[in-house]
$ cat protein_20.cif   # mmCIF, C-alpha atoms
data_structure
#
loop_
_atom_site.label_atom_id
_atom_site.label_comp_id
_atom_site.auth_asym_id
_atom_site.auth_seq_id
_atom_site.Cartn_x
_atom_site.Cartn_y
_atom_site.Cartn_z
CA MET K 1 -17.49 124.83 17.89
CA LYS K 2 -14.30 125.39 19.80
CA ALA K 3 -14.47 128.44 22.01
CA PRO K 4 -13.81 131.27 21.83
CA ALA K 5 -15.44 132.23 18.54
CA LEU K 6 -14.23 135.36 16.83
CA THR K 7 -16.02 138.08 14.91
CA ALA K 8 -15.23 138.60 11.24
CA LYS K 9 -13.76 141.96 12.19
CA ALA K 10 -11.39 140.31 14.66
CA MET K 11 -10.33 137.88 11.93
CA ASN K 12 -9.41 140.88 9.80
CA ALA K 13 -12.18 139.96 7.39
CA VAL K 14 -15.46 141.34 6.07
CA SER K 15 -18.67 139.43 5.59
CA CYS K 16 -20.52 140.39 2.39
CA HIS K 17 -23.82 141.99 3.39
CA ILE K 18 -25.57 140.48 0.37
CA CYS K 19 -24.25 136.93 -0.05
CA GLY K 20 -22.42 136.29 3.21
CA LEU K 21 -19.05 135.39 1.70
CA LEU K 22 -16.23 135.97 4.17
CA VAL K 23 -13.54 138.08 2.49
CA SER K 24 -10.23 138.95 4.12
CA ASN K 25 -9.12 142.57 4.31
CA ASN K 26 -5.88 141.57 2.58
CA TYR K 27 -7.90 140.44 -0.41
CA ILE K 28 -9.76 143.73 -0.43
CA ALA K 29 -6.49 145.66 -0.28
CA ALA K 30 -5.01 143.62 -3.12
CA HIS K 31 -8.08 143.50 -5.36
CA SER K 32 -11.15 145.65 -4.83
CA ALA K 33 -13.77 146.51 -2.23
CA HIS K 34 -16.34 144.44 -4.13
CA CYS K 35 -17.43 140.94 -3.23
CA PRO K 36 -15.65 138.37 -5.47
CA ARG K 37 -18.82 136.24 -5.48
CA CYS K 38 -21.76 138.64 -5.90
CA ASP K 39 -20.03 141.95 -6.74
CA ALA K 40 -21.74 143.88 -3.93
CA ARG K 41 -19.74 146.64 -2.28
CA LEU K 42 -18.05 145.26 0.83
CA HIS K 43 -18.06 146.99 4.18
CA SER K 44 -17.45 145.68 7.63
CA ARG K 45 -20.27 147.79 9.09
CA LYS K 46 -22.99 149.67 7.25
CA PRO K 47 -21.52 153.09 6.40
CA ASN K 48 -22.44 155.97 8.70
CA SER K 49 -25.14 153.78 10.22
CA LEU K 50 -26.02 155.65 13.43
CA ASN K 51 -26.18 159.12 11.84
CA ARG K 52 -28.30 157.94 8.93
CA THR K 53 -30.72 156.03 11.12
CA PHE K 54 -30.99 158.95 13.52
CA ALA K 55 -31.65 161.45 10.72
CA LEU K 56 -34.34 159.23 9.21
CA LEU K 57 -35.96 158.79 12.63
CA ILE K 58 -36.21 162.56 13.07
CA ALA K 59 -37.82 162.81 9.63
CA ALA K 60 -40.27 160.03 10.54
CA ALA K 61 -41.20 161.69 13.85
CA VAL K 62 -41.87 165.01 12.06
CA LEU K 63 -43.99 163.33 9.36
CA TYR K 64 -45.91 161.43 12.01
CA VAL K 65 -47.73 164.64 13.03
CA PRO K 66 -49.43 165.48 9.70
CA ALA K 67 -50.02 161.75 9.17
CA ASN K 68 -52.30 161.75 12.20
CA VAL K 69 -53.73 165.27 12.05
CA TYR K 70 -54.84 165.36 8.41
CA PRO K 71 -57.60 163.11 7.07
CA ILE K 72 -56.51 160.02 5.15
CA LEU K 73 -59.81 159.58 3.33
CA THR K 74 -63.26 161.10 2.79
CA LEU K 75 -66.35 159.06 2.05
CA ILE K 76 -69.29 160.80 0.40
CA SER K 77 -72.37 158.64 0.52
CA PHE K 78 -75.87 159.91 -0.36
CA GLY K 79 -74.68 163.49 -0.03
CA GLN K 80 -73.17 162.93 3.39
CA ALA K 81 -69.44 163.30 3.83
CA THR K 82 -67.45 161.42 6.47
CA THR K 83 -63.80 162.25 6.91
CA ASN K 84 -61.42 159.84 8.60
CA THR K 85 -58.06 160.33 10.18
CA ILE K 86 -56.02 157.21 10.93
CA ILE K 87 -57.26 156.89 14.49
CA GLY K 88 -60.77 157.89 13.35
CA GLY K 89 -60.81 154.93 11.00
CA VAL K 90 -59.94 152.61 13.86
CA ILE K 91 -62.65 154.10 16.10
CA GLU K 92 -65.21 153.74 13.33
CA LEU K 93 -64.37 150.05 12.88
CA ALA K 94 -64.63 149.49 16.63
CA LYS K 95 -68.00 151.28 16.76
CA ALA K 96 -69.26 149.07 13.96
CA GLY K 97 -68.38 146.09 16.14
CA GLN K 98 -65.53 144.92 13.88
CA TRP K 99 -63.16 144.36 16.77
CA THR K 100 -60.68 142.02 15.11
CA ILE K 101 -60.17 144.33 12.14
CA ALA K 102 -60.08 147.38 14.41
CA ILE K 103 -57.30 145.81 16.47
CA ILE K 104 -55.32 144.80 13.35
CA VAL K 105 -55.55 148.33 11.95
CA PHE K 106 -54.72 149.88 15.33
CA VAL K 107 -51.61 147.73 15.72
CA ALA K 108 -50.44 148.25 12.12
CA SER K 109 -51.18 151.97 11.80
CA VAL K 110 -50.85 153.41 15.29
CA PHE K 111 -48.79 151.08 17.44
CA VAL K 112 -46.17 149.87 14.93
CA PRO K 113 -44.97 153.30 13.67
CA ILE K 114 -44.57 154.66 17.21
CA PHE K 115 -42.97 151.43 18.37
CA LYS K 116 -40.53 151.48 15.47
CA ILE K 117 -39.42 155.05 16.07
CA ILE K 118 -38.94 154.48 19.81
CA ALA K 119 -37.21 151.11 19.39
CA LEU K 120 -34.74 152.36 16.77
CA LEU K 121 -34.08 155.49 18.80
CA LEU K 122 -33.32 153.31 21.81
CA LEU K 123 -30.99 151.15 19.71
CA VAL K 124 -29.13 154.15 18.27
CA VAL K 125 -28.72 155.83 21.66
CA SER K 126 -27.67 152.64 23.46
CA VAL K 127 -25.01 151.91 20.83
CA ARG K 128 -23.75 155.49 20.93
CA LEU K 129 -23.49 155.33 24.73
CA LYS K 130 -21.65 151.97 24.40
CA LYS K 131 -24.10 150.15 26.66
CA THR K 132 -23.13 146.56 27.34
CA ARG K 133 -26.38 145.32 28.88
CA ALA K 134 -29.12 143.29 27.22
CA LEU K 135 -27.18 142.78 24.00
CA LYS K 136 -29.22 139.79 22.90
CA HIS K 137 -32.50 141.48 23.81
CA ARG K 138 -31.54 144.47 21.71
CA SER K 139 -30.67 142.16 18.82
CA VAL K 140 -34.11 140.58 19.07
CA LEU K 141 -35.70 144.03 19.33
CA TYR K 142 -33.98 145.04 16.09
CA ARG K 143 -35.05 141.85 14.30
CA PHE K 144 -38.65 142.37 15.38
CA THR K 145 -38.62 146.06 14.41
CA GLU K 146 -37.31 145.24 10.96
CA PHE K 147 -39.93 142.54 10.50
CA VAL K 148 -43.05 144.47 11.56
CA GLY K 149 -42.33 147.77 9.80
CA ARG K 150 -43.79 146.91 6.40
CA TRP K 151 -47.14 145.89 7.87
CA SER K 152 -48.08 149.51 8.48
CA MET K 153 -48.83 149.75 4.75
CA ILE K 154 -52.22 148.08 5.33
CA ASP K 155 -54.00 151.45 5.59
CA ILE K 156 -52.43 152.78 2.38
CA PHE K 157 -53.52 149.67 0.45
CA MET K 158 -56.98 149.90 2.02
CA ILE K 159 -57.34 153.50 0.83
CA SER K 160 -56.13 152.61 -2.67
CA ILE K 161 -58.76 149.89 -2.89
CA LEU K 162 -61.55 152.10 -1.55
CA ILE K 163 -60.87 154.97 -3.95
CA ALA K 164 -60.66 152.56 -6.90
CA LEU K 165 -63.81 150.72 -5.94
CA VAL K 166 -66.15 153.34 -4.54
CA LYS K 167 -66.80 155.78 -7.35
CA LEU K 168 -70.50 155.57 -8.04
CA GLN K 169 -71.01 159.23 -8.96
CA SER K 170 -74.09 160.36 -7.02
CA LEU K 171 -74.34 157.39 -4.68
CA ALA K 172 -70.95 157.05 -3.08
CA THR K 173 -67.36 158.18 -3.66
CA VAL K 174 -64.20 157.88 -1.64
CA THR K 175 -61.31 160.30 -2.05
CA ALA K 176 -57.88 160.18 -0.45
CA GLY K 177 -56.70 162.84 1.99
CA PRO K 178 -53.29 164.49 2.48
CA GLY K 179 -52.72 162.51 5.68
CA ALA K 180 -52.24 159.43 3.53
CA ILE K 181 -49.11 160.86 1.87
CA ALA K 182 -47.57 161.74 5.22
CA PHE K 183 -48.45 158.33 6.61
CA ALA K 184 -46.94 156.43 3.65
CA ALA K 185 -43.85 158.60 4.05
CA VAL K 186 -43.60 157.63 7.74
CA VAL K 187 -43.75 153.94 6.83
CA ILE K 188 -41.14 154.20 4.08
CA VAL K 189 -38.78 156.48 6.03
CA THR K 190 -38.89 154.14 9.06
CA MET K 191 -38.23 151.17 6.76
CA PHE K 192 -35.10 152.94 5.53
CA ALA K 193 -34.20 153.80 9.13
CA ALA K 194 -34.33 150.10 10.05
CA MET K 195 -32.30 149.18 6.95
CA THR K 196 -29.54 151.70 7.62
CA PHE K 197 -29.12 150.59 11.23
CA ASP K 198 -26.36 148.01 11.58
CA PRO K 199 -27.16 145.50 14.37
CA ARG K 200 -23.49 144.44 14.46
CA LEU K 201 -22.81 147.73 16.21
CA ILE K 202 -24.79 146.49 19.23
CA TRP K 203 -22.25 143.70 19.74
CA ASP K 204 -19.11 145.65 18.93
CA VAL K 205 -18.86 146.83 22.56
CA SER K 206 -18.61 143.26 23.85
CA GLY K 207 -15.26 142.68 22.17
CA ASP K 208 -14.20 140.42 19.35
CA GLU K 209 -14.40 137.08 21.13
CA TYR K 210 -17.28 135.03 22.39
CA ASP K 211 -16.90 132.11 24.78
CA GLY K 212 -20.51 131.44 25.68
CA ASP K 213 -21.18 134.25 28.17
CA GLU K 214 -22.92 137.46 27.36
CA MET T 1 -8.13 132.84 4.29
CA ASP T 2 -5.11 135.13 4.80
CA ALA T 3 -5.37 136.87 1.48
CA GLY T 4 -8.49 135.30 0.01
CA TYR T 5 -12.09 134.51 0.77
CA THR T 6 -14.00 131.52 2.07
CA ASP T 7 -17.42 130.00 2.18
CA ASP T 8 -16.58 127.45 4.90
CA LEU T 9 -16.94 130.12 7.53
CA HIS T 10 -19.99 132.29 7.84
CA ALA T 11 -20.24 135.50 9.84
CA CYS T 12 -23.58 136.18 11.51
CA PRO T 13 -25.25 138.97 9.50
CA GLU T 14 -26.50 140.57 12.72
CA CYS T 15 -23.58 140.33 15.15
CA ASP T 16 -20.57 139.42 12.96
CA LEU T 17 -19.61 136.29 14.94
CA VAL T 18 -17.99 133.71 12.67
CA HIS T 19 -19.39 130.17 12.52
CA SER T 20 -18.26 127.09 10.66
CA VAL T 21 -20.99 125.85 8.36
CA SER T 22 -20.09 122.34 7.35
CA GLU T 23 -22.27 120.31 9.74
CA ILE T 24 -25.73 121.52 8.74
CA GLU T 25 -28.00 118.86 7.27
CA ASN T 26 -31.13 118.97 5.13
CA GLY T 27 -34.15 120.35 6.93
CA GLU T 28 -32.01 121.94 9.63
CA GLN T 29 -31.55 125.58 10.51
CA GLY T 30 -28.36 127.20 11.64
CA ARG T 31 -28.71 129.93 14.25
CA CYS T 32 -26.09 132.25 15.65
CA ILE T 33 -24.77 130.97 18.99
CA ARG T 34 -24.47 134.51 20.32
CA CYS T 35 -27.48 136.53 19.09
CA ASP T 36 -29.75 133.73 17.80
CA ALA T 37 -30.16 135.23 14.32
CA LEU T 38 -31.07 132.79 11.57
CA LEU T 39 -27.87 132.04 9.65
CA PHE T 40 -29.07 129.55 7.08
CA VAL T 41 -31.58 126.83 6.34
CA ARG T 42 -30.91 123.69 4.37
CA HIS T 43 -33.62 122.17 2.24
CA ARG T 44 -33.58 119.15 0.05
CA ASN T 45 -34.00 120.29 -3.58
CA SER T 46 -33.99 123.90 -2.44
CA LEU T 47 -33.53 125.38 -5.91
CA ASP T 48 -36.00 123.08 -7.68
CA ARG T 49 -38.68 123.76 -5.10
CA ALA T 50 -38.14 127.50 -5.20
CA LEU T 51 -38.32 127.40 -9.01
CA ALA T 52 -41.55 125.38 -8.98
CA PHE T 53 -43.16 127.78 -6.52
CA ALA T 54 -41.95 130.82 -8.47
CA ILE T 55 -43.47 129.53 -11.72
CA THR T 56 -46.72 128.72 -9.90
CA GLY T 57 -46.66 132.19 -8.38
CA LEU T 58 -46.14 133.85 -11.76
CA LEU T 59 -49.09 131.99 -13.30
CA PHE T 60 -51.34 133.05 -10.43
CA PHE T 61 -49.98 136.60 -10.67
CA ILE T 62 -51.13 136.77 -14.29
CA LEU T 63 -54.58 135.47 -13.33
CA ALA T 64 -54.71 137.88 -10.39
CA ASN T 65 -54.32 140.78 -12.80
CA MET T 66 -56.96 139.70 -15.30
CA PHE T 67 -60.12 139.71 -13.22
CA PRO T 68 -61.65 141.88 -10.49
CA LEU T 69 -60.45 141.55 -6.90
CA LEU T 70 -63.59 142.95 -5.30
CA VAL T 71 -67.04 143.79 -6.63
CA PHE T 72 -68.96 146.60 -4.95
CA GLU T 73 -72.72 147.03 -5.36
CA LEU T 74 -74.96 149.81 -4.13
CA ASP T 75 -78.51 150.56 -5.21
CA GLY T 76 -78.27 148.47 -8.35
CA GLN T 77 -75.00 150.05 -9.51
CA SER T 78 -71.82 148.10 -9.36
CA GLN T 79 -68.10 148.74 -9.61
CA SER T 80 -65.17 146.37 -9.49
CA ASN T 81 -61.42 146.82 -9.11
CA ARG T 82 -58.40 145.04 -10.48
CA LEU T 83 -55.02 144.80 -8.76
CA ILE T 84 -53.58 147.72 -10.73
CA ASP T 85 -56.60 150.01 -10.14
CA GLY T 86 -55.45 151.06 -6.66
CA ALA T 87 -52.31 152.66 -8.08
CA ILE T 88 -54.25 154.23 -10.97
CA ALA T 89 -56.87 155.67 -8.60
CA PHE T 90 -54.22 157.49 -6.57
CA LEU T 91 -52.73 158.82 -9.79
CA ASP T 92 -56.14 160.06 -10.99
CA GLU T 93 -56.64 161.95 -7.75
CA GLY T 94 -53.30 163.70 -8.09
CA TYR T 95 -51.56 161.70 -5.37
CA TRP T 96 -48.91 160.39 -7.75
CA GLU T 97 -46.46 159.65 -4.91
CA LEU T 98 -48.95 157.25 -3.39
CA GLY T 99 -49.77 155.83 -6.82
CA LEU T 100 -46.08 155.09 -7.30
CA VAL T 101 -45.70 153.52 -3.85
CA VAL T 102 -48.73 151.27 -4.35
CA PHE T 103 -47.73 150.40 -7.92
CA VAL T 104 -44.22 149.38 -6.85
CA SER T 105 -45.18 147.47 -3.71
CA SER T 106 -48.23 145.62 -5.04
CA VAL T 107 -47.42 145.12 -8.73
CA VAL T 108 -43.82 145.80 -9.81
CA ALA T 109 -41.83 144.37 -6.89
CA PRO T 110 -43.82 141.10 -6.52
CA LEU T 111 -43.71 140.56 -10.30
CA MET T 112 -39.98 141.25 -10.42
CA VAL T 113 -39.31 138.90 -7.50
CA LEU T 114 -41.05 136.08 -9.36
CA VAL T 115 -39.43 136.90 -12.71
CA VAL T 116 -35.93 137.20 -11.22
CA LEU T 117 -36.36 133.92 -9.32
CA ILE T 118 -37.31 132.18 -12.55
CA SER T 119 -34.61 133.80 -14.67
CA LEU T 120 -32.04 132.77 -12.05
CA LEU T 121 -33.21 129.24 -11.31
CA LEU T 122 -34.54 128.03 -14.65
CA PRO T 123 -31.22 128.30 -16.57
CA MET T 124 -29.38 126.71 -13.64
CA ARG T 125 -31.82 123.82 -13.77
CA PHE T 126 -30.43 123.11 -17.25
CA ASN T 127 -26.80 123.67 -16.27
CA ILE T 128 -26.59 127.10 -17.84
CA VAL T 129 -25.11 130.06 -16.00
CA PRO T 130 -27.83 132.77 -15.88
CA THR T 131 -26.94 136.12 -17.46
CA ASN T 132 -25.84 138.72 -14.94
CA VAL T 133 -26.19 136.19 -12.17
CA LYS T 134 -24.49 138.42 -9.60
CA ALA T 135 -26.68 141.42 -10.36
CA GLN T 136 -29.79 139.24 -10.23
CA VAL T 137 -28.95 137.86 -6.78
CA ARG T 138 -28.32 141.39 -5.49
CA LEU T 139 -31.54 142.65 -7.06
CA LEU T 140 -33.50 139.85 -5.40
CA THR T 141 -32.13 140.82 -1.98
CA HIS T 142 -32.98 144.48 -2.48
CA LEU T 143 -36.47 143.77 -3.85
CA ARG T 144 -37.50 141.57 -0.98
CA PRO T 145 -38.75 144.17 1.54
CA TRP T 146 -40.65 146.13 -1.12
CA ALA T 147 -42.81 143.28 -2.41
CA MET T 148 -45.81 143.68 -0.12
CA SER T 149 -48.44 141.38 -1.60
CA GLU T 150 -49.12 139.66 1.74
CA ILE T 151 -49.81 143.05 3.31
CA PHE T 152 -52.02 144.00 0.35
CA ILE T 153 -54.25 141.04 1.21
CA LEU T 154 -54.87 142.51 4.67
CA GLY T 155 -55.58 145.86 3.00
CA ILE T 156 -58.22 144.15 0.87
CA ILE T 157 -59.77 142.53 3.95
CA VAL T 158 -59.96 145.86 5.81
CA ALA T 159 -61.49 147.57 2.75
CA PHE T 160 -63.97 144.71 2.43
CA VAL T 161 -65.08 145.02 6.06
CA LYS T 162 -65.37 148.81 5.87
CA LEU T 163 -67.56 148.65 2.76
CA SER T 164 -69.77 145.77 3.82
CA ASP T 165 -71.26 148.13 6.42
CA PHE T 166 -73.19 150.08 3.84
CA ALA T 167 -73.04 148.15 0.56
CA ASP T 168 -72.88 144.68 -0.94
CA VAL T 169 -69.29 143.64 -1.48
CA SER T 170 -68.24 140.35 -2.98
CA VAL T 171 -64.95 138.69 -3.72
CA GLY T 172 -63.91 138.68 -7.38
CA LEU T 173 -62.28 135.85 -9.30
CA SER T 174 -58.80 137.34 -9.02
CA MET T 175 -58.90 137.41 -5.24
CA ILE T 176 -58.41 133.65 -5.09
CA ALA T 177 -55.57 133.80 -7.61
CA PHE T 178 -53.97 136.64 -5.64
CA VAL T 179 -54.05 134.73 -2.35
CA LEU T 180 -52.58 131.65 -4.07
CA MET T 181 -49.89 133.83 -5.67
CA VAL T 182 -48.88 135.15 -2.24
CA GLY T 183 -48.81 131.60 -0.86
CA ALA T 184 -46.57 130.43 -3.71
CA MET T 185 -44.26 133.43 -3.31
CA VAL T 186 -43.87 132.86 0.44
CA MET T 187 -43.14 129.17 -0.20
CA ALA T 188 -40.59 130.08 -2.89
CA TYR T 189 -38.76 132.31 -0.42
CA MET T 190 -38.95 129.74 2.36
CA SER T 191 -37.46 126.99 0.20
CA LEU T 192 -34.73 129.15 -1.31
CA ASP T 193 -31.34 128.69 0.28
CA ASP T 194 -29.02 131.45 -0.96
CA ARG T 195 -25.95 129.31 -0.46
CA ALA T 196 -27.38 126.62 -2.71
CA ILE T 197 -27.38 129.11 -5.59
CA TRP T 198 -23.61 129.65 -5.26
CA GLN T 199 -22.94 125.96 -4.80
CA ARG T 200 -24.94 125.11 -7.91
CA LEU T 201 -23.09 127.78 -9.88
CA LYS T 202 -19.78 126.28 -8.79
CA GLU T 203 -20.93 122.87 -10.00
CA ILE T 204 -22.03 124.27 -13.36
CA THR T 205 -18.86 126.24 -14.05
CA LYS T 206 -16.58 123.41 -12.92
#

$ encode --input "protein_20.cif" --output "structure tokens"
Amino acid sequence: MKAPALTAKAMNAVSCHICGLLVSNNYIAAHSAHCPRCDARLHSRKPNSLNRTFALLIAAAVLYVPANVYPILTLISFGQATTNTIIGGVIELAKAGQWTIAIIVFVASVFVPIFKIIALLLLVVSVRLKKTRALKHRSVLYRFTEFVGRWSMIDIFMISILIALVKLQSLATVTAGPGAIAFAAVVIVTMFAAMTFDPRLIWDVSGDEYDGDE
Amino acid sequence: MDAGYTDDLHACPECDLVHSVSEIENGEQGRCIRCDALLFVRHRNSLDRALAFAITGLLFFILANMFPLLVFELDGQSQSNRLIDGAIAFLDEGYWELGLVVFVSSVVAPLMVLVVLISLLLPMRFNIVPTNVKAQVRLLTHLRPWAMSEIFILGIIVAFVKLSDFADVSVGLSMIAFVLMVGAMVMAYMSLDDRAIWQRLKEITK
């Protein structure tokens, strides 16, 4: 392509966030703010992105506490009750020698939620402060954060399977704990936080042209 | 472009930089020159492949719901679970929020993804414009993150490992169907090129 390339914004146009059609602002002014191809509402940047993401991150951080303090499940086997928190479940797997599974659960349930909250916080703050460094790295960080977020649901699915499967009256039963609700809420709220963040904002500080240098 | 819209230019969905799209060939990917985001992929027979995988996925989804996923045995007693039982179990325990989350992410969203793919692509295969085509494309985009079947598989594996410590656990018939369903769904997504849908529609309505 011939340099310098322009952003859609600089071309006085909006790219549809659903189907990618490039629509000029003149068209929007003359017709409607909906995409002529897929009918989605058009906006140059996700509306109120930083405030929404920030608010959702605060909610996630608050929910993170009960998610880890309260038990997520209780196993009653031969009259003996074992109660697990999220981290307790990981430790139990490790003690049983199931290292691979323990690591998977640790990454999905402990590392990923914290990582997501910190990464998105960093992105929001750096955009707000109009930082111009490491633009591409921050783009990659966002992409990765958006991709890994859903995988934290492993523990919730695991609990749903255990409580459905282990209900042999006197022998063994598994019940869910209140920590599970808080944990699922953390996962879903952080997913929304990643969705409301607009990565285009990262690049808006670098101007509307691009000639090959960062 | 002054007062209209165009498909010959494509703005990066992650950094807004505009690229021209004409030179991409089958099997190639287009990435943003500035932030390296994936812009588009071209596949030969994109829509036909996606349709074939979606139909395959739907058939396996039906099978995955008919038989047990896991069978749990302890002291001569046994218990098995189907795909839907996880959501029901949460509901029974009074955790309806979790029941809803599990129901949507493991049953409703994956099923809807497959159904919408078929109801979009099958009519187009026979040169018919699908009903509410715009709404269906938008729905597909919004459903995508909430269909978590591939994550559910890992949940099953973790549950399996946890239980095998103190009981006999075996894989049920539906487990195989479920894994194949996830494989087909991933392949359907990988072969689907969004732009091909719009191009095909243009050809049909011409």

$ resolve_selection --input "protein_20.cif" --expression "the PyMOL selection byres ((chain K) within 7 of (chain T))" --output "JSON, numbers by chain"
{"K": [5, 6, 7, 8, 15, 17, 18, 20, 21, 22, 23, 24, 26, 27, 38, 39, 101, 136, 139, 151, 153, 154, 155, 157, 158, 160, 161, 162, 163, 164, 165, 181, 199, 200, 203]}

$ resolve_selection --input "protein_20.cif" --expression "the PyMOL selection byres ((chain T and resi 177-179) around 7)" --output "list of chain:residue names"
T:Phe60, T:Phe61, T:Leu63, T:Ala64, T:Ser174, T:Met175, T:Ile176, T:Leu180, T:Met181, T:Val182, T:Gly183

$ write_last_selection --input "protein_20.cif" --atoms "C-alpha atoms" --output "short mmCIF file (atom, residue, chain, number, x, y, z; two decimals), in the coordinates of the input"
data_model
loop_
_atom_site.label_atom_id
_atom_site.label_comp_id
_atom_site.auth_asym_id
_atom_site.auth_seq_id
_atom_site.Cartn_x
_atom_site.Cartn_y
_atom_site.Cartn_z
CA PHE T 60 -51.34 133.05 -10.43
CA PHE T 61 -49.98 136.60 -10.67
CA LEU T 63 -54.58 135.47 -13.33
CA ALA T 64 -54.71 137.88 -10.39
CA SER T 174 -58.80 137.34 -9.02
CA MET T 175 -58.90 137.41 -5.24
CA ILE T 176 -58.41 133.65 -5.09
CA LEU T 180 -52.58 131.65 -4.07
CA MET T 181 -49.89 133.83 -5.67
CA VAL T 182 -48.88 135.15 -2.24
CA GLY T 183 -48.81 131.60 -0.86
#

$ atom_distance --input "protein_20.cif" --atom1 "atom CA of K:Ile72" --atom2 "atom CA of K:Ala176"
5.8 Å

$ closest_residue --input "protein_20.cif" --among "T:Leu120, T:Leu143, T:Leu201, T:Val169" --to "T:Ala50" --atoms "only C-alpha atoms"
T:Leu120

$ atom_distance --input "protein_20.cif" --atom1 "atom CA of K:Leu93" --atom2 "atom CA of K:Thr74"
15.0 Å

$ closest_residue --input "protein_20.cif" --among "K:Val174, K:Pro66, K:Phe147, K:Ala96" --to "T:Arg144" --atoms "only C-alpha atoms"
K:Phe147

$ axis_aligned_box --input "protein_20.cif" --around "stretch 35-42 of chain T" --padding-each-side "3 Å" --output "AutoDock Vina command-line options"
--center_x -29.5 --center_y 130.1 --center_z 11.7 --size_x 10.1 --size_y 18.8 --size_z 20.7

$ closest_residue --input "protein_20.cif" --among "K:Ser152, K:Asn51, K:Ser170, K:Asn25" --to "K:Pro113" --atoms "only C-alpha atoms"
K:Ser152

$ atom_distance --input "protein_20.cif" --atom1 "atom CA of K:His31" --atom2 "atom CA of K:Ser44"
16.2 Å

$ closest_residue --input "protein_20.cif" --among "T:Met187, T:Leu38, T:Leu100, T:Val116" --to "T:Thr131" --atoms "only C-alpha atoms"
T:Val116

$ closest_residue --input "protein_20.cif" --among "K:Leu201, K:Phe192, K:Leu168, K:Phe183" --to "K:Phe78" --atoms "all atoms listed in the file"
K:Leu168

$ resolve_selection --input "protein_20.cif" --expression "the PyMOL selection byres ((chain K and resi 69) around 10)" --output "PyMOL selection string"
chain K and resi 64-68+70-72+85-87+178-179+182

$ closest_residue --input "protein_20.cif" --among "K:Val189, K:Ile202, K:Ala172, K:Met11" --to "K:Arg128" --atoms "all atoms listed in the file"
K:Ile202

$ residues_around --input "protein_20.cif" --residues "T:Phe53" --least-positions-apart "2" --cutoff "12 Å" --atoms "all atoms listed in the file" --output "PyMOL selection string"
chain T and resi 46-51+55-61+113-115+117-118+121-122+180-192
